[in-house]
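Data from structure36.cif: mmCIF, C-alpha atoms
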data_entry
loop_
_atom_site.group_PDB
_atom_site.id
_atom_site.type_symbol
_atom_site.label_atom_id
_atom_site.label_comp_id
_atom_site.auth_asym_id
_atom_site.auth_seq_id
_atom_site.Cartn_x
_atom_site.Cartn_y
_atom_site.Cartn_z
ATOM 1 C CA MET A 6 53.302 160.010 112.214
ATOM 2 C CA THR A 7 51.169 158.010 109.846
ATOM 3 C CA HIS A 8 51.214 160.783 107.267
ATOM 4 C CA SER A 9 55.020 161.073 107.309
ATOM 5 C CA THR A 10 55.381 157.310 106.952
ATOM 6 C CA SER A 11 53.010 157.217 103.980
ATOM 7 C CA VAL A 12 55.026 159.993 102.311
ATOM 8 C CA ALA A 13 58.375 158.287 102.972
ATOM 9 C CA ARG A 14 57.362 154.939 101.463
ATOM 10 C CA PRO A 15 56.811 156.216 97.883
ATOM 11 C CA ALA A 16 60.037 158.198 98.126
ATOM 12 C CA ARG A 17 61.915 155.113 99.281
ATOM 13 C CA ALA A 18 60.361 153.010 96.512
ATOM 14 C CA ALA A 19 61.281 155.635 93.921
ATOM 15 C CA ALA A 20 64.860 155.675 95.204
ATOM 16 C CA GLN A 21 65.045 151.882 94.966
ATOM 17 C CA ARG A 22 63.693 151.932 91.434
ATOM 18 C CA SER A 23 66.213 154.600 90.510
ATOM 19 C CA SER A 24 69.136 152.616 91.937
ATOM 20 C CA ALA A 25 67.885 149.453 90.231
ATOM 21 C CA GLY A 26 67.646 151.346 86.945
ATOM 22 C CA HIS A 27 71.198 152.658 87.324
ATOM 23 C CA LEU A 28 72.438 149.139 88.135
ATOM 24 C CA GLN A 29 70.612 147.698 85.122
ATOM 25 C CA ALA A 30 72.120 150.364 82.868
ATOM 26 C CA TRP A 31 75.661 149.852 84.172
ATOM 27 C CA LEU A 32 75.594 146.057 84.508
ATOM 28 C CA PRO A 33 76.350 145.324 80.802
ATOM 29 C CA ARG A 34 79.221 147.792 80.920
ATOM 30 C CA LEU A 35 80.623 146.200 84.060
ATOM 31 C CA VAL A 36 80.376 142.732 82.509
ATOM 32 C CA LEU A 37 82.079 143.840 79.282
ATOM 33 C CA ALA A 38 84.720 145.997 80.978
ATOM 34 C CA PRO A 39 87.289 143.161 81.536
ATOM 35 C CA SER A 40 87.000 141.981 77.913
ATOM 36 C CA VAL A 41 87.315 145.526 76.602
ATOM 37 C CA ALA A 42 90.348 146.177 78.813
ATOM 38 C CA VAL A 43 92.032 142.956 77.675
ATOM 39 C CA SER A 44 91.303 143.773 74.013
ATOM 40 C CA LEU A 45 92.636 147.301 74.352
ATOM 41 C CA PHE A 46 95.844 146.044 75.936
ATOM 42 C CA PHE A 47 96.567 142.905 73.917
ATOM 43 C CA VAL A 48 95.344 144.185 70.529
ATOM 44 C CA TYR A 49 95.706 147.932 70.301
ATOM 45 C CA GLY A 50 98.431 148.075 72.931
ATOM 46 C CA PHE A 51 100.599 145.658 70.969
ATOM 47 C CA MET A 52 99.837 147.503 67.736
ATOM 48 C CA LEU A 53 101.221 150.635 69.347
ATOM 49 C CA TRP A 54 104.216 148.705 70.669
ATOM 50 C CA THR A 55 104.902 147.264 67.216
ATOM 51 C CA PHE A 56 104.807 150.752 65.719
ATOM 52 C CA ILE A 57 107.288 151.972 68.345
ATOM 53 C CA LEU A 58 109.592 149.025 67.593
ATOM 54 C CA SER A 59 109.417 149.853 63.887
ATOM 55 C CA LEU A 60 110.997 153.222 64.744
ATOM 56 C CA THR A 61 113.937 151.632 66.588
ATOM 57 C CA ASN A 62 117.036 149.620 65.678
ATOM 58 C CA SER A 63 115.784 146.534 67.548
ATOM 59 C CA ARG A 64 117.413 143.301 66.511
ATOM 60 C CA MET A 65 117.220 140.109 68.606
ATOM 61 C CA LEU A 66 115.657 141.908 71.569
ATOM 62 C CA PRO A 67 113.575 145.097 71.695
ATOM 63 C CA SER A 68 115.599 148.280 71.871
ATOM 64 C CA TYR A 69 114.204 151.755 72.320
ATOM 65 C CA ASP A 70 116.862 153.795 70.558
ATOM 66 C CA LEU A 71 114.700 155.658 68.080
ATOM 67 C CA VAL A 72 116.008 155.865 64.522
ATOM 68 C CA GLY A 73 112.949 157.433 62.906
ATOM 69 C CA PHE A 74 111.780 155.814 59.694
ATOM 70 C CA ALA A 75 115.131 154.182 58.905
ATOM 71 C CA GLN A 76 113.608 150.687 59.111
ATOM 72 C CA TYR A 77 110.981 151.662 56.555
ATOM 73 C CA ALA A 78 113.741 152.922 54.258
ATOM 74 C CA ARG A 79 115.577 149.598 54.687
ATOM 75 C CA LEU A 80 112.354 147.796 53.921
ATOM 76 C CA MET A 81 111.855 149.708 50.682
ATOM 77 C CA ALA A 82 115.427 148.805 49.652
ATOM 78 C CA ASN A 83 114.950 145.106 50.435
ATOM 79 C CA ASP A 84 114.551 142.932 47.311
ATOM 80 C CA ARG A 85 112.810 140.175 49.261
ATOM 81 C CA TRP A 86 110.155 142.618 50.444
ATOM 82 C CA TRP A 87 109.403 143.643 46.871
ATOM 83 C CA VAL A 88 109.158 139.993 45.821
ATOM 84 C CA ALA A 89 106.725 139.398 48.690
ATOM 85 C CA SER A 90 104.709 142.503 47.775
ATOM 86 C CA THR A 91 104.551 141.515 44.101
ATOM 87 C CA ASN A 92 103.477 138.015 45.074
ATOM 88 C CA LEU A 93 100.735 139.498 47.249
ATOM 89 C CA VAL A 94 99.384 141.502 44.312
ATOM 90 C CA VAL A 95 99.413 138.431 42.046
ATOM 91 C CA PHE A 96 98.053 136.091 44.699
ATOM 92 C CA GLY A 97 95.422 138.561 45.934
ATOM 93 C CA ALA A 98 94.116 139.486 42.486
ATOM 94 C CA LEU A 99 93.832 135.884 41.291
ATOM 95 C CA PHE A 100 92.504 134.600 44.605
ATOM 96 C CA VAL A 101 89.772 137.229 44.870
ATOM 97 C CA GLY A 102 88.836 137.147 41.182
ATOM 98 C CA ILE A 103 88.665 133.364 40.810
ATOM 99 C CA CYS A 104 86.819 132.918 44.114
ATOM 100 C CA LEU A 105 84.189 135.428 43.007
ATOM 101 C CA VAL A 106 83.665 133.709 39.640
ATOM 102 C CA VAL A 107 83.634 130.161 41.021
ATOM 103 C CA GLY A 108 81.500 131.113 44.013
ATOM 104 C CA ALA A 109 78.957 132.923 41.830
ATOM 105 C CA LEU A 110 78.731 129.998 39.378
ATOM 106 C CA LEU A 111 78.250 127.480 42.178
ATOM 107 C CA ALA A 112 75.583 129.677 43.793
ATOM 108 C CA ILE A 113 73.718 130.039 40.485
ATOM 109 C CA LEU A 114 73.895 126.264 40.018
ATOM 110 C CA LEU A 115 72.428 125.595 43.448
ATOM 111 C CA ASP A 116 69.814 128.305 42.965
ATOM 112 C CA GLN A 117 68.162 126.128 40.305
ATOM 113 C CA ARG A 118 66.652 124.000 43.102
ATOM 114 C CA ILE A 119 68.502 120.918 41.926
ATOM 115 C CA ARG A 120 68.323 117.578 43.688
ATOM 116 C CA GLN A 121 70.568 116.942 46.665
ATOM 117 C CA GLU A 122 71.124 120.679 47.029
ATOM 118 C CA GLY A 123 71.841 120.347 50.744
ATOM 119 C CA ALA A 124 74.499 117.685 50.199
ATOM 120 C CA LEU A 125 76.177 119.669 47.429
ATOM 121 C CA ARG A 126 76.099 122.863 49.485
ATOM 122 C CA THR A 127 77.757 121.051 52.383
ATOM 123 C CA LEU A 128 80.318 119.498 50.036
ATOM 124 C CA TYR A 129 81.278 122.867 48.537
ATOM 125 C CA LEU A 130 81.350 124.621 51.902
ATOM 126 C CA TYR A 131 83.268 121.909 53.769
ATOM 127 C CA PRO A 132 86.804 123.072 52.773
ATOM 128 C CA MET A 133 86.210 126.334 54.639
ATOM 129 C CA ALA A 134 85.890 124.295 57.844
ATOM 130 C CA LEU A 135 89.502 123.161 57.450
ATOM 131 C CA SER A 136 92.446 125.198 58.603
ATOM 132 C CA PHE A 137 94.860 126.582 56.038
ATOM 133 C CA ILE A 138 97.544 124.354 57.569
ATOM 134 C CA VAL A 139 95.560 121.236 56.639
ATOM 135 C CA THR A 140 94.817 122.649 53.192
ATOM 136 C CA GLY A 141 98.490 123.455 52.634
ATOM 137 C CA VAL A 142 99.696 119.994 53.675
ATOM 138 C CA VAL A 143 97.140 118.188 51.479
ATOM 139 C CA TRP A 144 97.901 120.303 48.416
ATOM 140 C CA LYS A 145 101.621 119.901 49.059
ATOM 141 C CA TRP A 146 101.131 116.152 48.615
ATOM 142 C CA LEU A 147 98.958 116.619 45.541
ATOM 143 C CA LEU A 148 101.379 119.023 43.837
ATOM 144 C CA ASN A 149 104.574 117.199 44.766
ATOM 145 C CA PRO A 150 106.085 116.110 41.399
ATOM 146 C CA GLY A 151 107.241 112.807 42.833
ATOM 147 C CA LEU A 152 104.053 111.886 44.686
ATOM 148 C CA GLY A 153 101.036 113.780 43.411
ATOM 149 C CA ILE A 154 99.357 114.711 40.153
ATOM 150 C CA GLN A 155 102.478 114.553 37.983
ATOM 151 C CA ALA A 156 103.457 111.089 39.258
ATOM 152 C CA MET A 157 99.884 109.814 38.877
ATOM 153 C CA VAL A 158 99.501 111.015 35.270
ATOM 154 C CA ARG A 159 102.907 109.638 34.316
ATOM 155 C CA SER A 160 101.918 106.276 35.815
ATOM 156 C CA TRP A 161 99.040 106.228 33.314
ATOM 157 C CA GLY A 162 101.591 106.289 30.488
ATOM 158 C CA PHE A 163 101.937 110.015 29.809
ATOM 159 C CA GLU A 164 105.662 110.163 30.543
ATOM 160 C CA SER A 165 106.109 113.668 29.121
ATOM 161 C CA PHE A 166 103.479 115.219 31.420
ATOM 162 C CA THR A 167 104.976 117.863 33.718
ATOM 163 C CA PHE A 168 103.313 119.679 36.579
ATOM 164 C CA ASP A 169 106.152 120.889 38.768
ATOM 165 C CA TRP A 170 104.776 124.261 39.869
ATOM 166 C CA LEU A 171 105.585 123.522 43.500
ATOM 167 C CA VAL A 172 109.329 123.465 42.806
ATOM 168 C CA ASN A 173 109.325 126.021 39.989
ATOM 169 C CA PRO A 174 110.275 129.510 41.288
ATOM 170 C CA ASP A 175 108.248 131.195 38.537
ATOM 171 C CA MET A 176 105.078 129.199 39.234
ATOM 172 C CA ALA A 177 105.176 128.484 42.977
ATOM 173 C CA VAL A 178 102.962 131.448 43.882
ATOM 174 C CA TYR A 179 100.200 130.028 41.680
ATOM 175 C CA THR A 180 100.068 126.872 43.795
ATOM 176 C CA LEU A 181 99.012 129.140 46.657
ATOM 177 C CA VAL A 182 96.187 130.437 44.468
ATOM 178 C CA ILE A 183 94.996 126.903 43.671
ATOM 179 C CA ALA A 184 94.861 125.836 47.311
ATOM 180 C CA ALA A 185 93.329 129.083 48.560
ATOM 181 C CA VAL A 186 90.620 129.110 45.878
ATOM 182 C CA TRP A 187 89.749 125.491 46.665
ATOM 183 C CA GLN A 188 89.231 126.416 50.307
ATOM 184 C CA ALA A 189 87.469 129.784 50.069
ATOM 185 C CA SER A 190 85.244 129.507 46.984
ATOM 186 C CA GLY A 191 82.618 127.561 48.941
ATOM 187 C CA PHE A 192 82.365 130.408 51.429
ATOM 188 C CA VAL A 193 81.814 132.875 48.594
ATOM 189 C CA MET A 194 79.203 130.506 47.192
ATOM 190 C CA ALA A 195 77.324 130.643 50.506
ATOM 191 C CA LEU A 196 77.371 134.450 50.452
ATOM 192 C CA PHE A 197 76.069 134.606 46.888
ATOM 193 C CA LEU A 198 73.450 131.922 47.516
ATOM 194 C CA ALA A 199 72.090 133.840 50.499
ATOM 195 C CA GLY A 200 71.923 136.951 48.333
ATOM 196 C CA LEU A 201 70.172 135.100 45.505
ATOM 197 C CA ARG A 202 67.575 133.690 47.861
ATOM 198 C CA GLY A 203 66.834 137.213 49.056
ATOM 199 C CA ILE A 204 65.955 138.538 45.588
ATOM 200 C CA ASP A 205 62.260 138.887 44.811
ATOM 201 C CA ASP A 206 61.177 136.140 42.403
ATOM 202 C CA SER A 207 58.801 138.540 40.690
ATOM 203 C CA ILE A 208 61.780 140.377 39.170
ATOM 204 C CA ILE A 209 63.052 137.186 37.543
ATOM 205 C CA LYS A 210 59.572 136.179 36.382
ATOM 206 C CA ALA A 211 59.042 139.611 34.815
ATOM 207 C CA ALA A 212 62.330 139.268 32.917
ATOM 208 C CA GLN A 213 61.326 135.803 31.734
ATOM 209 C CA LEU A 214 57.991 137.144 30.471
ATOM 210 C CA ASP A 215 59.940 139.721 28.483
ATOM 211 C CA GLY A 216 61.745 136.857 26.752
ATOM 212 C CA ALA A 217 65.132 137.177 28.448
ATOM 213 C CA SER A 218 67.231 134.015 28.603
ATOM 214 C CA LEU A 219 68.385 132.664 31.954
ATOM 215 C CA PRO A 220 72.058 133.674 31.492
ATOM 216 C CA ARG A 221 71.007 137.202 30.512
ATOM 217 C CA ILE A 222 68.666 137.407 33.532
ATOM 218 C CA TYR A 223 71.494 136.534 35.904
ATOM 219 C CA LEU A 224 73.987 138.778 34.136
ATOM 220 C CA ARG A 225 71.805 141.846 33.642
ATOM 221 C CA VAL A 226 69.223 141.603 36.446
ATOM 222 C CA VAL A 227 70.329 139.373 39.311
ATOM 223 C CA LEU A 228 74.046 140.131 39.655
ATOM 224 C CA PRO A 229 73.558 143.936 39.768
ATOM 225 C CA CYS A 230 71.235 143.352 42.731
ATOM 226 C CA LEU A 231 74.075 141.530 44.508
ATOM 227 C CA ARG A 232 76.513 144.443 44.619
ATOM 228 C CA PRO A 233 76.545 144.545 48.462
ATOM 229 C CA VAL A 234 77.321 140.817 48.526
ATOM 230 C CA VAL A 235 80.107 141.233 45.970
ATOM 231 C CA PHE A 236 81.565 144.133 47.939
ATOM 232 C CA SER A 237 81.481 142.163 51.198
ATOM 233 C CA ALA A 238 83.082 139.127 49.532
ATOM 234 C CA VAL A 239 85.873 141.260 48.049
ATOM 235 C CA MET A 240 86.595 142.840 51.426
ATOM 236 C CA ILE A 241 86.706 139.502 53.252
ATOM 237 C CA LEU A 242 88.815 137.759 50.608
ATOM 238 C CA SER A 243 91.258 140.667 50.401
ATOM 239 C CA HIS A 244 91.621 140.581 54.169
ATOM 240 C CA ILE A 245 92.383 136.852 54.014
ATOM 241 C CA ALA A 246 94.931 137.385 51.224
ATOM 242 C CA ILE A 247 96.865 140.072 53.089
ATOM 243 C CA LYS A 248 97.086 138.008 56.265
ATOM 244 C CA SER A 249 97.914 134.695 54.545
ATOM 245 C CA PHE A 250 100.681 133.003 56.483
ATOM 246 C CA ASP A 251 99.848 129.425 57.481
ATOM 247 C CA LEU A 252 98.975 128.355 53.918
ATOM 248 C CA VAL A 253 102.347 129.580 52.645
ATOM 249 C CA VAL A 254 104.252 127.924 55.484
ATOM 250 C CA ALA A 255 102.484 124.591 55.012
ATOM 251 C CA LEU A 256 102.470 124.520 51.202
ATOM 252 C CA THR A 257 105.674 126.141 49.939
ATOM 253 C CA GLY A 258 107.497 127.475 52.993
ATOM 254 C CA GLY A 259 107.996 130.647 50.989
ATOM 255 C CA GLY A 260 110.185 128.778 48.520
ATOM 256 C CA PRO A 261 111.841 127.758 46.367
ATOM 257 C CA GLY A 262 114.208 130.247 47.963
ATOM 258 C CA TYR A 263 111.800 133.080 48.721
ATOM 259 C CA ALA A 264 109.983 132.939 45.380
ATOM 260 C CA SER A 265 106.559 132.455 47.002
ATOM 261 C CA ASP A 266 107.064 134.751 49.985
ATOM 262 C CA LEU A 267 104.176 136.952 51.092
ATOM 263 C CA PRO A 268 104.458 139.955 53.454
ATOM 264 C CA ALA A 269 103.273 137.852 56.414
ATOM 265 C CA THR A 270 106.016 135.267 55.936
ATOM 266 C CA PHE A 271 108.560 138.039 55.319
ATOM 267 C CA MET A 272 107.595 139.641 58.619
ATOM 268 C CA TYR A 273 107.845 136.356 60.515
ATOM 269 C CA ALA A 274 111.204 135.440 58.982
ATOM 270 C CA HIS A 275 112.843 138.756 59.816
ATOM 271 C CA ALA A 276 111.266 139.363 63.205
ATOM 272 C CA PHE A 277 111.621 135.871 64.673
ATOM 273 C CA THR A 278 114.290 133.939 62.765
ATOM 274 C CA ARG A 279 116.680 136.609 61.488
ATOM 275 C CA ALA A 280 116.851 138.738 64.636
ATOM 276 C CA GLN A 281 115.634 141.911 62.893
ATOM 277 C CA ILE A 282 112.664 142.877 65.041
ATOM 278 C CA GLY A 283 112.715 146.492 63.879
ATOM 279 C CA LEU A 284 112.528 145.553 60.203
ATOM 280 C CA GLY A 285 109.875 142.925 60.890
ATOM 281 C CA SER A 286 107.824 145.470 62.847
ATOM 282 C CA ALA A 287 108.007 147.926 59.959
ATOM 283 C CA SER A 288 106.688 145.279 57.567
ATOM 284 C CA ALA A 289 103.937 144.419 60.054
ATOM 285 C CA MET A 290 102.838 148.072 60.155
ATOM 286 C CA LEU A 291 102.656 148.195 56.367
ATOM 287 C CA MET A 292 100.508 145.053 56.448
ATOM 288 C CA LEU A 293 98.273 146.730 59.021
ATOM 289 C CA GLY A 294 97.981 149.698 56.684
ATOM 290 C CA GLY A 295 96.855 147.365 53.910
ATOM 291 C CA VAL A 296 94.214 145.781 56.153
ATOM 292 C CA LEU A 297 92.941 149.206 57.256
ATOM 293 C CA ALA A 298 92.776 150.330 53.627
ATOM 294 C CA ILE A 299 90.300 147.486 53.112
ATOM 295 C CA LEU A 300 88.371 147.647 56.384
ATOM 296 C CA ILE A 301 87.768 151.396 56.521
ATOM 297 C CA PRO A 302 85.850 151.612 53.197
ATOM 298 C CA TYR A 303 83.900 148.498 54.210
ATOM 299 C CA LEU A 304 82.916 149.927 57.596
ATOM 300 C CA TYR A 305 82.090 153.273 56.010
ATOM 301 C CA SER A 306 79.783 151.638 53.481
ATOM 302 C CA GLU A 307 78.102 149.569 56.192
ATOM 303 C CA LEU A 308 77.476 152.566 58.438
ATOM 304 C CA ARG A 309 76.278 154.640 55.507
ATOM 305 C CA SER A 310 73.837 151.942 54.375
ATOM 306 C CA ARG A 311 72.435 151.650 57.896
ATOM 307 C CA GLN A 312 71.932 155.388 58.159
ATOM 308 C CA HIS A 313 70.108 155.508 54.831
ATOM 309 C CA GLY A 314 68.220 152.336 55.676
#
Render the structure in this file as structure tokens.
Amino acid sequence: MTHSTSVARPARAAAQRSSAGHLQAWLPRLVLAPSVAVSLFFVYGFMLWTFILSLTNSRMLPSYDLVGFAQYARLMANDRWWVASTNLVVFGALFVGICLVVGALLAILLDQRIRQEGALRTLYLYPMALSFIVTGVVWKWLLNPGLGIQAMVRSWGFESFTFDWLVNPDMAVYTLVIAAVWQASGFVMALFLAGLRGIDDSIIKAAQLDGASLPRIYLRVVLPCLRPVVFSAVMILSHIAIKSFDLVVALTGGGPGYASDLPATFMYAHAFTRAQIGLGSASAMLMLGGVLAILIPYLYSELRSRQHG
């Protein structure tokens, strides 16, 4: 009796340890399961639903009469869509390019260990803490010909000064660039500054001993070491540009007319105010394609760098 009891106790303890191990392994999955289910339904489920709607003739309410890719053909024949797409190319290229240049210059400035670096870093980074709605409203006041910069300069006696980009159909899209660069360049600065602080000082000192000037050191030595940072910044900024909606609504409203429309505002206007859900869904799927075209190379490079690392 005693022998059988002594044999059963280790077996029982082993079984308890096994069950505890299984519970410990499954507990994180059980905790995350509701969040994963909600994400699958409300993110990927609605993506699938939007794609289905883009294949229908839905107008004010969803309809499931499939018409193939007719909505995409209508989209390609829509002049407003091409204006929005052209604006996205202009806005995205200028936004990304200027943010990279300004952010890199600000990071190099702060990398010189100047006084009040913390205060300046906070000052440059603060606009990123604001929403694009706030940024759009503030810049709408500043760029308003009757209230902002133009009115202020004319009050100084320069009556011929004109800065009416906000109401000029040919220049309105550039006001979006100004506001977006003001908000996002500080974020790019933070990325570059973190990259600069991670570079070995011995590389810079060796270049200085060779007689290289400081601008040449940054141009030829430091910046090539920051390629991963540049790539990440380009991906993030491009993602922001494609999804820009609130800045346009707050600053220009897509106007004058639809001169400053972007694909996001085009999608909203047709899906929710013009009772053309099918056409709006088709434009949303093309926007998703643009985002995936940016995210997939980024994720591929990240996974590849981790594997080689």
*Could you spell out the hits of the PyMOL selection byres ((chain A and resi 272) around 8) on the shown file, as a list in words?*
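Expected selection for the PyMOL selection byres ((chain A and resi 272) around 8) here is Pro268, Ala269, Thr270, Phe271, Tyr273, Ala274, His275, Ala276, Leu284, Gly285, Ser286, Ser288 and Ala289 of chain A.
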*atom CA of A:Leu105 and atom CA of A:Leu201, how far apart in Å?*
14.2 Å
Counting all atoms listed in the file, which residues of stretch 119-199 of chain A fall within 8 Å of stretch 246-264 of chain A, and what is the closest atom pair for each with its distance in Å at one decimal, ordered by chain and rising number, as a Markdown table?
| residue | atom | partner | partner_atom | distance |
| --- | --- | --- | --- | --- |
| A:Phe137 | CA | A:Leu252 | CA | 5.0 |
| A:Ile138 | CA | A:Ala255 | CA | 5.6 |
| A:Val139 | CA | A:Ala255 | CA | 7.9 |
| A:Thr140 | CA | A:Leu252 | CA | 7.1 |
| A:Gly141 | CA | A:Leu256 | CA | 4.4 |
| A:Val142 | CA | A:Ala255 | CA | 5.5 |
| A:Trp144 | CA | A:Leu256 | CA | 6.8 |
| A:Lys145 | CA | A:Leu256 | CA | 5.2 |
| A:Leu171 | CA | A:Thr257 | CA | 7.0 |
| A:Val172 | CA | A:Pro261 | CA | 6.1 |
| A:Asn173 | CA | A:Pro261 | CA | 7.1 |
| A:Pro174 | CA | A:Ala264 | CA | 5.3 |
| A:Asp175 | CA | A:Ala264 | CA | 7.3 |
| A:Ala177 | CA | A:Ala264 | CA | 7.0 |
| A:Val178 | CA | A:Ala264 | CA | 7.3 |
| A:Leu181 | CA | A:Val253 | CA | 6.9 |
| A:Ala185 | CA | A:Leu252 | CA | 7.8 |
*Pick from A:Arg34, A:His244, A:Arg64, A:Arg159: nearest to A:Met292, with only C-alpha atoms counted?*
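Result for the nearest residue to A:Met292: A:His244.
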*What do you get, as a VMD selection string, if you spell out every residue that the PyMOL selection byres ((chain A and resi 193) around 8) selects here?*
chain A and resid 104 to 105 108 to 109 189 to 192 194 to 197 238
*Identify all residues satisfying the PyMOL selection byres ((chain A and resi 222) around 12) in the given file; provide them as a PyMOL selection string.*
chain A and resi 113+206+208-221+223-230
*asked:* Need to verify the contact set: A:Ser237, 12 Å, only C-alpha atoms, exclusion of same-chain residues closer than 2 positions in sequence. Can you return it as number ranges by chain?
replied: A: 101, 105, 192-193, 196-197, 200, 231-235, 239-244, 299-300, 302-304, 306-307
*Out of A:Leu293, A:Ala42, A:Leu35, A:Met65, which residue has the shortest atom-to-atom distance to A:Arg279 when counting only C-alpha atoms?*
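Smallest separation from A:Arg279 among the options: A:Met65.
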*In Å, with one decimal, what is the gap from atom CA of A:Leu125 to atom CA of A:Ala199?*
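Calculated distance between atom CA of A:Leu125 and atom CA of A:Ala199 is 15.1 Å.
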_For a test of reading the model, state the distance in Å between atom CA of A:Leu130 and atom CA of A:Arg202, rounded to one decimal._
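Interatomic distance here is 17.0 Å.
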_Nearest-residue call for A:Val106, choices A:Ala287, A:Val186, A:Met133, A:Ala298, using all atoms listed in the file_ =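 Closest candidate: A:Val186.
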_With distances taken over only C-alpha atoms, which residue among A:Leu71, A:Val95, A:Leu128, A:Val296 lies nearest A:Asp266?_
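Nearest to A:Asp266: A:Val95.
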Centre, x/y/z edge lengths, axis-aligned box for stretch 79-93 of chain A with 6 Å per side, as JSON:
{"center_x": 108.2, "center_y": 143.9, "center_z": 49.4, "size_x": 26.8, "size_y": 23.7, "size_z": 22.6}
Please rebuild stretch 81-92 of chain A with N, CA, C and O atoms and return the result as a CSV table (one decimal), keeping the file's coordinate frame.
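Now in selection-v4.csv:
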chain,number,residue,atom,x,y,z
A,81,MET,N,112.1,149.4,52.1
A,81,MET,CA,111.9,149.7,50.7
A,81,MET,C,113.0,149.3,49.8
A,81,MET,O,112.9,149.2,48.6
A,82,ALA,N,114.2,149.2,50.4
A,82,ALA,CA,115.4,148.8,49.7
A,82,ALA,C,115.7,147.3,49.7
A,82,ALA,O,116.7,146.8,49.1
A,83,ASN,N,114.8,146.5,50.3
A,83,ASN,CA,115.0,145.1,50.4
A,83,ASN,C,114.3,144.4,49.3
A,83,ASN,O,113.1,144.5,49.1
A,84,ASP,N,115.1,143.6,48.5
A,84,ASP,CA,114.6,142.9,47.3
A,84,ASP,C,113.5,141.9,47.7
A,84,ASP,O,112.5,141.7,47.0
A,85,ARG,N,113.7,141.2,48.8
A,85,ARG,CA,112.8,140.2,49.3
A,85,ARG,C,111.4,140.8,49.6
A,85,ARG,O,110.4,140.1,49.3
A,86,TRP,N,111.4,142.0,50.1
A,86,TRP,CA,110.2,142.6,50.4
A,86,TRP,C,109.4,142.9,49.2
A,86,TRP,O,108.2,142.7,49.1
A,87,TRP,N,110.1,143.3,48.1
A,87,TRP,CA,109.4,143.6,46.9
A,87,TRP,C,108.9,142.4,46.2
A,87,TRP,O,107.8,142.4,45.5
A,88,VAL,N,109.7,141.3,46.3
A,88,VAL,CA,109.2,140.0,45.8
A,88,VAL,C,107.9,139.6,46.6
A,88,VAL,O,106.9,139.2,45.9
A,89,ALA,N,107.9,139.7,47.9
A,89,ALA,CA,106.7,139.4,48.7
A,89,ALA,C,105.5,140.3,48.3
A,89,ALA,O,104.4,139.8,48.2
A,90,SER,N,105.8,141.6,48.1
A,90,SER,CA,104.7,142.5,47.8
A,90,SER,C,104.1,142.2,46.4
A,90,SER,O,102.9,142.2,46.2
A,91,THR,N,105.0,141.9,45.4
A,91,THR,CA,104.6,141.5,44.1
A,91,THR,C,103.7,140.2,44.1
A,91,THR,O,102.7,140.1,43.5
A,92,ASN,N,104.2,139.3,44.9
A,92,ASN,CA,103.5,138.0,45.1
A,92,ASN,C,102.1,138.3,45.7
A,92,ASN,O,101.1,137.6,45.3
